[in-house]
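Asks: I have a structure here, written as structure tokens, and I will follow up with some questions on it.
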Number of protein chains: 4
Amino acid sequence: MSKHINIINEHESVVRSYVRNFPTVFTKAKKHLMWDEDGKEFIDFFSGAGALNYGHNDDHMKKQLVDYIMNDGITHSLDMASNAKAEFLEKFQDVILKPRELDYKVMFPGPTGTNSVESALKLARKVTGRTDIISFTGGFHGMTIGSLSVTGNSMKRKGAGIPLQNTVTMAYDNYVDHDTLVYLERFLEDNGSGVAIPAAMIVETVQGEGGINAARFEWLKNLEDLCRRWGILLIIDDVQAGIGRTGTFFSFEAAGIKPDIVCLSKSLSGYGLPLAVTLIKPELDIWKPGEHNGTFRGNNHAFVTATAALDYWKDESFEKEIHQKSEVIYSFLEDIVSKYPEIKGEVRGRGFMVGIASEVEGLAAKVTAKCFDLGLIMETAGPNDEVFKLFPPLNIPTEDLQKGLAIIEESIKQLVKDPVAN
Amino acid sequence: MSKHINIINEHESVVRSYVRNFPTVFTKAKKHLMWDEDGKEFIDFFSGAGALNYGHNDDHMKKQLVDYIMNDGITHSLDMASNAKAEFLEKFQDVILKPRELDYKVMFPGPTGTNSVESALKLARKVTGRTDIISFTGGFHGMTIGSLSVTGNSMKRKGAGIPLQNTVTMAYDNYVDHDTLVYLERFLEDNGSGVAIPAAMIVETVQGEGGINAARFEWLKNLEDLCRRWGILLIIDDVQAGIGRTGTFFSFEAAGIKPDIVCLSKSLSGYGLPLAVTLIKPELDIWKPGEHNGTFRGNNHAFVTATAALDYWKDESFEKEIHQKSEVIYSFLEDIVSKYPEIKGEVRGRGFMVGIASEVEGLAAKVTAKCFDLGLIMETAGPNDEVFKLFPPLNIPTEDLQKGLAIIEESIKQLVKDPVAN
Amino acid sequence: MSKHINIINEHESVVRSYVRNFPTVFTKAKKHLMWDEDGKEFIDFFSGAGALNYGHNDDHMKKQLVDYIMNDGITHSLDMASNAKAEFLEKFQDVILKPRELDYKVMFPGPTGTNSVESALKLARKVTGRTDIISFTGGFHGMTIGSLSVTGNSMKRKGAGIPLQNTVTMAYDNYVDHDTLVYLERFLEDNGSGVAIPAAMIVETVQGEGGINAARFEWLKNLEDLCRRWGILLIIDDVQAGIGRTGTFFSFEAAGIKPDIVCLSKSLSGYGLPLAVTLIKPELDIWKPGEHNGTFRGNNHAFVTATAALDYWKDESFEKEIHQKSEVIYSFLEDIVSKYPEIKGEVRGRGFMVGIASEVEGLAAKVTAKCFDLGLIMETAGPNDEVFKLFPPLNIPTEDLQKGLAIIEESIKQLVKDPVAN
Amino acid sequence: MSKHINIINEHESVVRSYVRNFPTVFTKAKKHLMWDEDGKEFIDFFSGAGALNYGHNDDHMKKQLVDYIMNDGITHSLDMASNAKAEFLEKFQDVILKPRELDYKVMFPGPTGTNSVESALKLARKVTGRTDIISFTGGFHGMTIGSLSVTGNSMKRKGAGIPLQNTVTMAYDNYVDHDTLVYLERFLEDNGSGVAIPAAMIVETVQGEGGINAARFEWLKNLEDLCRRWGILLIIDDVQAGIGRTGTFFSFEAAGIKPDIVCLSKSLSGYGLPLAVTLIKPELDIWKPGEHNGTFRGNNHAFVTATAALDYWKDESFEKEIHQKSEVIYSFLEDIVSKYPEIKGEVRGRGFMVGIASEVEGLAAKVTAKCFDLGLIMETAGPNDEVFKLFPPLNIPTEDLQKGLAIIEESIKQLVKDPVAN
């Protein structure tokens with residue numbers, strides 16, 4: 001073991017997790033590649049769990065960031081005005097919101113996804129005067145108590161140490177063999193159901209942690225309609241599925257819906273720096289000044305790289321590129337499932353947010369472990385870690401994408417051949 | 001109004017607050033100075049609400065950061081191992097923990113103070129199997145639901161939109177005319193008190209948001225003793241008071257206590273970048289891997305600057321410097337209070353975390369507004385904004401410190417002379 | 001208006017309700033008949049909402065009660081031992097539990113149904129160490145906060161003034177077009193569902209307040225199986241459906257299940273006196289002495305009448321009588337539904353717990369109002385009062401049962417003929 | 001052991017408690033005397049924990065009750081109108097409320113104290129739109145979840161199996177060495193205290209279960225003033241201290257206060273039958289019909305005896321009698337404390353609600369056990385059962401009162417002489 005790993009094992013809390021699956025010390029990264037302290041190169045099919053959709057250390061963003069630092073630009077500003085923030089706000093309007101005919105106020109709730117979710121839940125309760133939130137099976141929204149209350153994973157929930165309250169879980173799309181929204185609405189229309197009209201529903205269009213479950217666009221559209229009928233706010237948590245991961249900037253664009261509140265974080269800064277926003281329909285923006293705040297809600301380094309990152313979205317070429325490559329990935333996965341029936345696999349997901357769920361217990365973890373040995377970084381998902389999950393950077397060159405896919409196949413081949421040894 | 005301010009007014013949520021008190025666009029900052037887009041210079045007695053204890057854009061940290069970026073070091077790593085993280089962990093042991101005979105595991109709970117507080121509360125509940133937390137009047141611990149539950153401010157609490165649970169508020173030191181811990185312990189020893197033995201107590205040694213209330217060291221020591229007697233964990237939230245703000249690296253050092261869990265953030269990265277740690281006594285570090293997690297728990301830029309910032313603590317010179325300058329500040333404030341009896345002022349605080357509470361309604365806000373006009377940035381604190389709060393960078397040169405203090409006196413002088421006009 | 005009604009209108013809280021539907025002053029009652037202060041006679045198809053299954057002022061019980069009082073028997077005993085209590089316990093064993101091969105400890109939790117439900121929920125949580133309870137749509141369990149948390153009715157729930165917690169509502173049998181237990185179990189088996197394994201499920205075999213919904217025996221059996229598979233306690237709230245109302249002493253007998261905990265009250269005392277028991281499988285009876293208590297848990301007048309009432313169950317004749325008469329009622333209701341298609345009626349229920357749900361808004365209330373005018377007392381049920389509910393005493397003579405049914409038909413006939421006038 | 005005791009031991013839940021302290025089977029009772037199945041006579045200094053303030057089976061009430069039963073009066077009426085109810089309401093106005101210049105609407109919330117408390121808390125929350133209730137150390141209000149949330153006893157609270165919420169416990173009078181209301185108000189006036197303005201405060205004027213703690217009248221008056229200043233409703237739980245127990249019908253009369261809501265039960269029916277009312281200032285009576293209900297809210301047997309019991313209050317003679325005898329009791333207790341310094345006793349309470357708290361661990365329980373052997377029934381109170389509590393019927397003849405006191409002294413004498421043997 002290296003000195004650095006020893007330091008971490010000795011001094012970092014046992015709560016650490018990814019270092020257990022990827023047991024090496026990383027020192028350098030560029031685009032879709034990472035290197036460890038021994039110089040070993042890895043293809044990155046993980047992308048910081050969706051925080052590095054543009055890959056590592058993108059040259060354009062890097063230049064903007066270093067220039068800003070060298071000029072002693074404001075680094076930390078809380079919610080004072082800075083030119084870096086104003087420029088981000090303006091470009092976000094011009095490049096993202098206006099072309100999509102979306103009208104949102106931008107709130108900086110603190111720099112992480114869970115800050116955004118907490119602010120969204122608070123605001124929905126404040127606006128409606130109601131206390132309950134409906135969330136969905138398989139949902140993941142964060143680790144602070146408010147967000148955890150709408151998160152499905154039982155291990156994470158137990159970590160709270162207290163009962164999690166003021167939420168009702170309903171079935172996500174495809175959770176059972178019939179239309180889950182019919183069931184949901186039955187509870188709302190029945191005065192004796194025990195379920196009150198909630199302040200809001202919070203939902204991911206594709207669930208990452210929950211096992212790469214993609215809701216049908218039709219289901220999402222019906223969900224929006226249902227919310228409108230009952231005066232319920234619709235919150236889309238686009239922290240993981242957003243910023244191009246499913247093929248469009250917002251994951252919900254193709255569903256034709258306009259959520260009341262949108263949570264964005266992870267790849268928003270483009271460079272992997274902490275940044276989050278909560279997008280709010282103007283008529284709902286009834287906060288008192290400072291009613292929700294946070295020390296790092298003005299992370300200007302992240303504003304700078306986020307502004308630069310928006311260049312990817314100036315025209316449609318990036319979307320098209322994502323679309324083409326995602327078809328390559330999807331075909332590959334379908335092939336794998338049919339070529340290797342032993343893995344009892346099912347292809348899941350949308351765009352660059354895909355994976356294979358295997359009914360063979362423990363297989364997904366073995367696949368990712370084998371891939372790591374062979375130089376590919378990839379993680380598992382799902383309540384029982386039954387899915388191995390492909391999250392390459394959106395701008396990975398096709399050649400290296402193919403290399404990564406080949407490593408996956410090689411891993412599966414080895415595992416299928418010699419199941420005992422693994 | 002400038003174009004940038006207009007953008008912010010138009011597009012940012014009404015929740016924004018500091019921009020209302022400091023209505024200009026900041027573009028550049030160095031050490032204890034800031035400049036706006038019109039080139040106006042400000043002395044900074046605010047320090048990012050405690051996130052910039054070493055001032056802005058410190059040259060030593062800046063060099064390390066830019067070198068790291070230029071070399072394409074890992075930016076975002078979740079809790080994978082990186083050399084930047086290992087180096088931070090090692091230096092934090094060597095420079096901070098070991099010399100103070102403190103033995104803690106380091107948890108990276110996400111990059112903000114509230115992430116740290118949430119993780120601390122969860123762990124305390126998990127370790128003890130109890131649900132309640134005792135917090136204190138005037139306490140401020142963050143905006144996510146778990147942290148908000150232990151925060152005192154009623155406006156912020158109402159923002160939750162749901163009842164905040166599993167907490168009991170007890171009186172902080174000097175809250176009433178008798179020993180508040182006697183009262184507290186009476187509740188614990190009485191089986192009929194309605195207050196259960198809590199999992200933990202969470203406390204700030206000096207309350208910032210709560211109005212610059214400094215607990216006596218003796219009270220803190222007694223609180224620790226009380227926790228030991230009853231098997232209650234002691235959590236020190238050192239997010240604002242830590243990292244030198246009160247004169248020592250940890251604010252609790254002089255009290256001679258060793259908390260079970262410590263929350264650090266704000267100035268930990270040194271450069272204003274989002275970073276937080278939760279320090280845990282080794283025997284309490286019983287997390288399951290990943291039981292608490294977060295996308296930005298591995299912010300390597302912040303590791304790099306935090307490591308550089310620790311150089312300030314390599315010997316005792318920095319502490320001595322803080323001590324000397326804080327005596328200057330304190331004397332100044334005492335003088336002000338006696339020279340201007342009209343402000344009905346009381347000096348509060350410790351070290352570089354001080355202020356004057358005024359019984360004249362609205363006066364503190366007028367002082368900070370006047371100071372802003374005269375080129376000094378300073379904010380108010382307390383449940384009714386009754387305190388103006390001095391938070392200069394710890395390394396501010398004495399000359400500019402004096403300049404800032406002179407502006408404060410000038411502001412007060414003007415306000416006292418012409419109370420109607422203001 | 002009579003003097004007595006005026007007194008009530010003036011001095012009783014506006015929360016009073018039945019007096020609004022039955023606006024007269026009752027002075028005397030015998031068996032299935034009631035008389036008001038003007039001497040008007042009413043047939044009682046209401047039976048104190050199930051608290052008077054043996055009718056009013058049964059002569060056998062009355063004699064026992066008056067003898068006991070005249071002899072200065074113990075009236076109020078908390079949970080001290082009294083001969084009246086011991087005799088009840090013994091006869092309850094001999095007449096009820098043993099012949100049905102049921103083995104339960106008897107807890108006296110206070111004299112009302114909600115006391116019993118609260119004790120059952122507490123015990124289930126204590127035994128399992130879990131916090132959540134699964135309840136069902138349409139369920140009604142009482143008005144105190146614990147019981148209200150598992151009650152479906154939204155008006156009653158809002159009356160709490162606080163969010164009701166630690167419960168999850170699932171769909172009762174026939175709530176939607178597919179098997180509701182499949183859906184329920186999907187949540188339990190999925191680690192990511194957001195629904196934890198509960199301490200218990202609480203269910204009524206036939207829901208009274210919820211709209212006379214009868215669960216199929218097969219569904220109840222499946223529910224019991226599901227509880228066994230997952231180690232969840234099964235609580236049957238037999239407060240309204242028990243004591244013969246559905247045809248057997250316990251409503252669950254025909255389903256072939258043996259609940260872990262059973263709540264009984266209402267008709268338990270036989271005479272309309274406050275009495276409740278919680279029946280507990282012996283291995284679950286782990287209370288500490290006095291951990292749940294209540295001033296009126298030893299209501300000896302009720303013990304005396306309850307003991308006398310058990311004579312009804314000494315052989316099978318009473319069950320047979322109920323069965324025969326309930327077929328009369330059921331045929332009548334089916335006839336009504338087909339004879340009067342205008343009422344868009346659906347027959348619901350089981351045994352002597354039946355009614356007609358009408359899709360015509362407001363019709364059920366008109367039927368009961370008309371019946372009252374014609375000398376029949378009957379109430380509505382269901383979340384929108386869409387059901388008129390027949391609850392005659394179980395021992396009503398066939399002749400007067402027929403009279404009551406005739407009044408119902410007459411009322412409907414009038415309403416159907418002249419819908420505008422009503 | 002008798003057959004009856006065996007039946008109880010075998011079939012009743014282990015939650016039973018008083019039967020453990022008074023291990024015999026009671027069969028008959030009259031006034032202040034009880035007899036067991038062996039014919040042993042006991043003087044009753046327990047009075048059904050305050051439910052039998054007029055003693056057992058009072059002849060006047062008994063006659064009214066038996067006449068009513070023999071005439072087939074309405075027994076159970078929910079909240080339909082009955083002559084028995086109207087007569088109670090009228091007499092309660094005439095004999096109790098009007099002479100005391102109190103104006104209350106009468107709610108029948110179900111027949112027990114906890115039903116009344118739950119209804120009071122609900123209404124206070126509904127009226128104010130606030131969620132929190134302030135209760136006091138040592139308070140006891142009932143075993144259902146709402147009432148338990150405002151109850152102090154930790155063993156009882158743990159019995160809930162869930163965190164008890166929406167309440168704040170403050171210090172009762174004399175809880176610490178300074179004015180507890182100053183402390184309380186400090187929390188209310190401080191926007192940063194973490195304690196919100198509550199819907200109501202609920203308090204007993206003398207705490208029974210809590211250890212016979214009597215609040216000073218001045219403290220109660222100050223509490224009422226404080227509630228008025230802050231727009232907080234004042235709920236007096238007079239379930240145990242009311243109906244003459246402390247010397248006046250309502251325990252709060254002498255304090256000169258007029259609570260917003262009053263909870264009455266226990267001795268209200270006079271005869272030990274379940275009955276409770278919630279008294280509500282007319283302007284607060286904003287319930288929807290049926291928003292709170294309960295099967296046994298119309299217990300007419302109890303209306304009949306309660307009406308008869310009010311004859312005790314037609315003039316001032318009864319109050320005077322209580323007063324005279326309570327002085328006898330108080331002097332006796334003071335003598336005991338000074339004569340037997342070994343018991344380290346302190347006299348507590350007011351009127352007929354008194355006791356001696358002993359610092360000698362376990363002594364109070366030994367005293368009551370010894371008394372039982374010698375033919376006197378008496379119980380302990382306080383969080384550690386440190387008080388033996390005298391609760392004789394208010395109408396006990398002086399001679400038998402003296403006999404009972406003599407038994408207490410004899411018990412103490414024996415215990416003090418021979419501490420080891422006991």
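Labels for the structure tokens follow display order: chains A, B, ..., residues from 1 in each chain, ligands from 1.
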For a quick check: superposing chain A on chain B using all C-alpha atoms in order, what RMSD comes out?
Replies: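 Per the least-squares fit, the RMSD is 0.0 Å.
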Asks: Looking only at the backbone, which of the residues in region 6-72 of chain A does DSSP tag as helix (DSSP H, G or I), as a PyMOL selection string?
Replies: chain A and resi 6-11+18-21+47-50+59-70
Asks: Take the residues that were just selected and, keeping C-alpha atoms, output them as a PDB file, in the first residue's frame.
Replies:
ATOM      1  CA  ASN A   6      -2.206   4.484   4.499  1.00  0.00           C
ATOM      2  CA  ILE A   7      -2.819   8.049   5.591  1.00  0.00           C
ATOM      3  CA  ILE A   8      -6.384   7.856   4.388  1.00  0.00           C
ATOM      4  CA  ASN A   9      -7.031   4.488   5.998  1.00  0.00           C
ATOM      5  CA  GLU A  10      -5.618   5.739   9.241  1.00  0.00           C
ATOM      6  CA  HIS A  11      -7.148   9.176   9.469  1.00  0.00           C
ATOM      7  CA  TYR A  18     -15.567   4.865  -3.222  1.00  0.00           C
ATOM      8  CA  VAL A  19     -11.965   4.432  -2.149  1.00  0.00           C
ATOM      9  CA  ARG A  20     -12.926   0.885  -1.214  1.00  0.00           C
ATOM     10  CA  ASN A  21     -14.055   0.124  -4.766  1.00  0.00           C
ATOM     11  CA  SER A  47     -17.768  11.015 -14.208  1.00  0.00           C
ATOM     12  CA  GLY A  48     -17.893  11.866 -10.556  1.00  0.00           C
ATOM     13  CA  ALA A  49     -21.340  10.303 -10.303  1.00  0.00           C
ATOM     14  CA  GLY A  50     -22.559  12.830 -12.826  1.00  0.00           C
ATOM     15  CA  ASP A  59      -9.134  23.269 -21.212  1.00  0.00           C
ATOM     16  CA  HIS A  60     -11.552  26.082 -22.017  1.00  0.00           C
ATOM     17  CA  MET A  61     -12.958  26.244 -18.499  1.00  0.00           C
ATOM     18  CA  LYS A  62      -9.506  25.839 -17.022  1.00  0.00           C
ATOM     19  CA  LYS A  63      -8.222  28.858 -18.872  1.00  0.00           C
ATOM     20  CA  GLN A  64     -11.122  31.014 -17.685  1.00  0.00           C
ATOM     21  CA  LEU A  65     -10.672  29.810 -14.135  1.00  0.00           C
ATOM     22  CA  VAL A  66      -6.914  30.392 -13.984  1.00  0.00           C
ATOM     23  CA  ASP A  67      -7.238  33.824 -15.557  1.00  0.00           C
ATOM     24  CA  TYR A  68      -9.871  34.733 -12.982  1.00  0.00           C
ATOM     25  CA  ILE A  69      -7.717  33.517 -10.118  1.00  0.00           C
ATOM     26  CA  MET A  70      -4.611  35.256 -11.444  1.00  0.00           C
TER      27      MET A  70
END
Asks: Quick one: which residues from chain D are at most 12 Å off chain A, using only C-alpha atoms, as a ChimeraX atom specification?
Replies: /D:129,161-165
Asks: Env of region 23-37 of chain D: 10 Å cut, atoms = only C-alpha atoms, seq-sep filter 3 positions within chain, self excluded. Answer as a PDB file with C-alpha atoms, in the first residue's frame.
Replies:
ATOM      1  CA  TYR C  68     -74.742  -5.043  41.790  1.00  0.00           C
ATOM      2  CA  ILE C  69     -75.410  -1.385  42.466  1.00  0.00           C
ATOM      3  CA  ASN C  71     -75.329  -4.323  46.926  1.00  0.00           C
ATOM      4  CA  ASP C  72     -72.759  -1.536  46.864  1.00  0.00           C
ATOM      5  CA  GLY C  73     -70.430  -3.505  44.676  1.00  0.00           C
ATOM      6  CA  ILE C  74     -67.187  -1.796  43.753  1.00  0.00           C
ATOM      7  CA  THR C  75     -67.933   0.795  41.064  1.00  0.00           C
ATOM      8  CA  HIS C  76     -64.531   2.210  40.213  1.00  0.00           C
ATOM      9  CA  SER C  77     -61.387   0.202  40.796  1.00  0.00           C
ATOM     10  CA  MET C  80     -57.221  -3.213  41.526  1.00  0.00           C
ATOM     11  CA  ALA C  81     -58.791  -6.652  41.698  1.00  0.00           C
ATOM     12  CA  SER C  82     -62.565  -6.855  41.999  1.00  0.00           C
ATOM     13  CA  ASN C  83     -64.827  -9.830  41.846  1.00  0.00           C
ATOM     14  CA  ALA C  84     -66.707  -8.221  38.965  1.00  0.00           C
ATOM     15  CA  LYS C  85     -63.526  -8.010  36.931  1.00  0.00           C
ATOM     16  CA  ALA C  86     -62.432 -11.538  37.732  1.00  0.00           C
TER      17      ALA C  86
ATOM     18  CA  MET D   1     -54.312 -16.918  46.785  1.00  0.00           C
ATOM     19  CA  SER D   2     -57.970 -16.686  46.025  1.00  0.00           C
ATOM     20  CA  LYS D   3     -59.488 -18.010  42.850  1.00  0.00           C
ATOM     21  CA  HIS D   4     -60.251 -14.500  41.677  1.00  0.00           C
ATOM     22  CA  ILE D   5     -56.713 -13.305  42.095  1.00  0.00           C
ATOM     23  CA  ILE D   8     -56.466 -12.025  37.143  1.00  0.00           C
ATOM     24  CA  TYR D  18     -52.454  -1.287  41.518  1.00  0.00           C
ATOM     25  CA  VAL D  19     -53.352  -4.912  42.123  1.00  0.00           C
ATOM     26  CA  ARG D  20     -49.679  -5.437  42.853  1.00  0.00           C
ATOM     27  CA  LYS D  40     -61.413  -7.244  55.694  1.00  0.00           C
ATOM     28  CA  GLU D  41     -62.260  -3.534  55.985  1.00  0.00           C
ATOM     29  CA  PHE D  42     -60.048  -0.766  54.611  1.00  0.00           C
ATOM     30  CA  ILE D  43     -60.167   2.972  55.046  1.00  0.00           C
ATOM     31  CA  ASP D  44     -59.742   4.530  51.615  1.00  0.00           C
ATOM     32  CA  PHE D  45     -57.144   7.309  51.448  1.00  0.00           C
ATOM     33  CA  PHE D  46     -56.819   6.766  47.712  1.00  0.00           C
ATOM     34  CA  SER D  47     -60.275   7.602  46.304  1.00  0.00           C
ATOM     35  CA  LEU D  52     -64.072   9.159  44.058  1.00  0.00           C
ATOM     36  CA  ASN D  53     -63.934  12.499  45.832  1.00  0.00           C
ATOM     37  CA  TYR D  54     -67.391  11.872  47.301  1.00  0.00           C
ATOM     38  CA  GLY D  55     -66.500   8.348  48.385  1.00  0.00           C
ATOM     39  CA  HIS D  56     -67.960   5.102  47.115  1.00  0.00           C
ATOM     40  CA  ASN D  57     -71.572   4.512  46.154  1.00  0.00           C
ATOM     41  CA  ASP D  58     -73.030   7.694  47.593  1.00  0.00           C
ATOM     42  CA  ASP D  59     -76.641   7.016  48.532  1.00  0.00           C
ATOM     43  CA  PHE D 372     -52.277  -1.569  53.538  1.00  0.00           C
ATOM     44  CA  GLY D 375     -56.177  -1.505  56.731  1.00  0.00           C
ATOM     45  CA  LEU D 376     -55.486   1.783  54.966  1.00  0.00           C
ATOM     46  CA  ILE D 377     -55.295   2.254  51.224  1.00  0.00           C
ATOM     47  CA  PRO D 392     -59.202  10.667  51.347  1.00  0.00           C
ATOM     48  CA  PRO D 393     -62.761  11.240  50.132  1.00  0.00           C
ATOM     49  CA  LEU D 394     -63.687  14.860  50.777  1.00  0.00           C
ATOM     50  CA  ASN D 395     -66.679  13.828  52.856  1.00  0.00           C
ATOM     51  CA  ILE D 396     -64.898  11.379  55.130  1.00  0.00           C
ATOM     52  CA  PRO D 397     -66.109  11.725  58.735  1.00  0.00           C
ATOM     53  CA  ASP D 400     -62.416   7.914  60.419  1.00  0.00           C
ATOM     54  CA  LEU D 401     -60.059  10.491  58.989  1.00  0.00           C
TER      55      LEU D 401
END
Asks: Would you list the contacts of region 257-260 of chain B as a PyMOL selection string, taking every protein, DNA or RNA residue within 9 Å and counting only C-alpha atoms, but skipping same-chain residues closer than 6 positions in sequence?
Replies: chain B and resi 102+104+220-221+224+233-236+279-281+284
Asks: Using only C-alpha atoms, which protein or nucleic acid residues come within 12 Å of Asp315 (chain A)? Drop anything in the same chain fewer than 2 positions from it, and give the result as a list in words.
Replies: Asp94, Val95, Ile96, Pro99, Thr248, Phe249, Leu310, Asp311, Tyr312, Trp313, Ser317, Phe318, Glu319, Lys320 and Glu321 of chain A
Asks: Take the residues just selected and output them with N, CA, C and O atoms as an mmCIF file, in the first residue's frame.
Replies:
data_model
loop_
_atom_site.group_PDB
_atom_site.id
_atom_site.type_symbol
_atom_site.label_atom_id
_atom_site.label_comp_id
_atom_site.auth_asym_id
_atom_site.auth_seq_id
_atom_site.Cartn_x
_atom_site.Cartn_y
_atom_site.Cartn_z
ATOM 1 N N ASP A 94 -29.596 33.432 -21.454
ATOM 2 C CA ASP A 94 -29.522 33.525 -22.909
ATOM 3 C C ASP A 94 -29.350 32.163 -23.567
ATOM 4 O O ASP A 94 -29.952 31.891 -24.607
ATOM 5 N N VAL A 95 -28.511 31.356 -22.977
ATOM 6 C CA VAL A 95 -28.171 30.090 -23.640
ATOM 7 C C VAL A 95 -29.133 28.971 -23.249
ATOM 8 O O VAL A 95 -29.446 28.091 -24.056
ATOM 9 N N ILE A 96 -29.606 29.000 -22.018
ATOM 10 C CA ILE A 96 -30.416 27.869 -21.540
ATOM 11 C C ILE A 96 -31.908 28.214 -21.457
ATOM 12 O O ILE A 96 -32.734 27.589 -22.113
ATOM 13 N N PRO A 99 -34.016 30.066 -24.903
ATOM 14 C CA PRO A 99 -34.280 29.203 -26.074
ATOM 15 C C PRO A 99 -35.273 28.086 -25.754
ATOM 16 O O PRO A 99 -35.904 27.550 -26.661
ATOM 17 N N THR A 248 -30.411 16.014 -23.204
ATOM 18 C CA THR A 248 -30.775 17.428 -23.323
ATOM 19 C C THR A 248 -30.306 18.145 -22.063
ATOM 20 O O THR A 248 -30.006 17.493 -21.052
ATOM 21 N N PHE A 249 -30.251 19.492 -22.122
ATOM 22 C CA PHE A 249 -29.721 20.186 -20.941
ATOM 23 C C PHE A 249 -30.527 19.823 -19.705
ATOM 24 O O PHE A 249 -29.981 19.350 -18.725
ATOM 25 N N LEU A 310 -21.296 26.683 -20.414
ATOM 26 C CA LEU A 310 -22.522 26.900 -21.190
ATOM 27 C C LEU A 310 -22.249 27.007 -22.688
ATOM 28 O O LEU A 310 -23.151 26.867 -23.512
ATOM 29 N N ASP A 311 -20.969 27.250 -23.048
ATOM 30 C CA ASP A 311 -20.632 27.282 -24.473
ATOM 31 C C ASP A 311 -20.972 25.973 -25.178
ATOM 32 O O ASP A 311 -21.225 25.960 -26.388
ATOM 33 N N TYR A 312 -20.950 24.884 -24.437
ATOM 34 C CA TYR A 312 -21.323 23.601 -25.040
ATOM 35 C C TYR A 312 -22.748 23.619 -25.590
ATOM 36 O O TYR A 312 -23.112 22.798 -26.414
ATOM 37 N N TRP A 313 -23.569 24.540 -25.066
ATOM 38 C CA TRP A 313 -25.001 24.511 -25.381
ATOM 39 C C TRP A 313 -25.434 25.634 -26.305
ATOM 40 O O TRP A 313 -26.626 25.859 -26.503
ATOM 41 N N SER A 317 -25.261 21.220 -31.705
ATOM 42 C CA SER A 317 -24.291 20.193 -32.083
ATOM 43 C C SER A 317 -23.978 19.244 -30.917
ATOM 44 O O SER A 317 -23.820 18.044 -31.111
ATOM 45 N N PHE A 318 -23.920 19.808 -29.706
ATOM 46 C CA PHE A 318 -23.558 18.958 -28.567
ATOM 47 C C PHE A 318 -24.657 17.916 -28.286
ATOM 48 O O PHE A 318 -24.375 16.740 -28.082
ATOM 49 N N GLU A 319 -25.869 18.377 -28.340
ATOM 50 C CA GLU A 319 -26.996 17.445 -28.156
ATOM 51 C C GLU A 319 -26.952 16.316 -29.181
ATOM 52 O O GLU A 319 -27.195 15.148 -28.864
ATOM 53 N N LYS A 320 -26.660 16.698 -30.406
ATOM 54 C CA LYS A 320 -26.616 15.676 -31.460
ATOM 55 C C LYS A 320 -25.512 14.657 -31.187
ATOM 56 O O LYS A 320 -25.689 13.450 -31.366
ATOM 57 N N GLU A 321 -24.363 15.175 -30.769
ATOM 58 C CA GLU A 321 -23.219 14.309 -30.466
ATOM 59 C C GLU A 321 -23.582 13.326 -29.345
ATOM 60 O O GLU A 321 -23.289 12.135 -29.412
#
Asks: Write down as a PyMOL selection string the residues belonging to region 58-215 of chain A that are assigned strand (DSSP E or B) by DSSP computed on the backbone.
Replies: chain A and resi 76+81-82+105-107+133-136+167-170+200-203+206-207+213-214
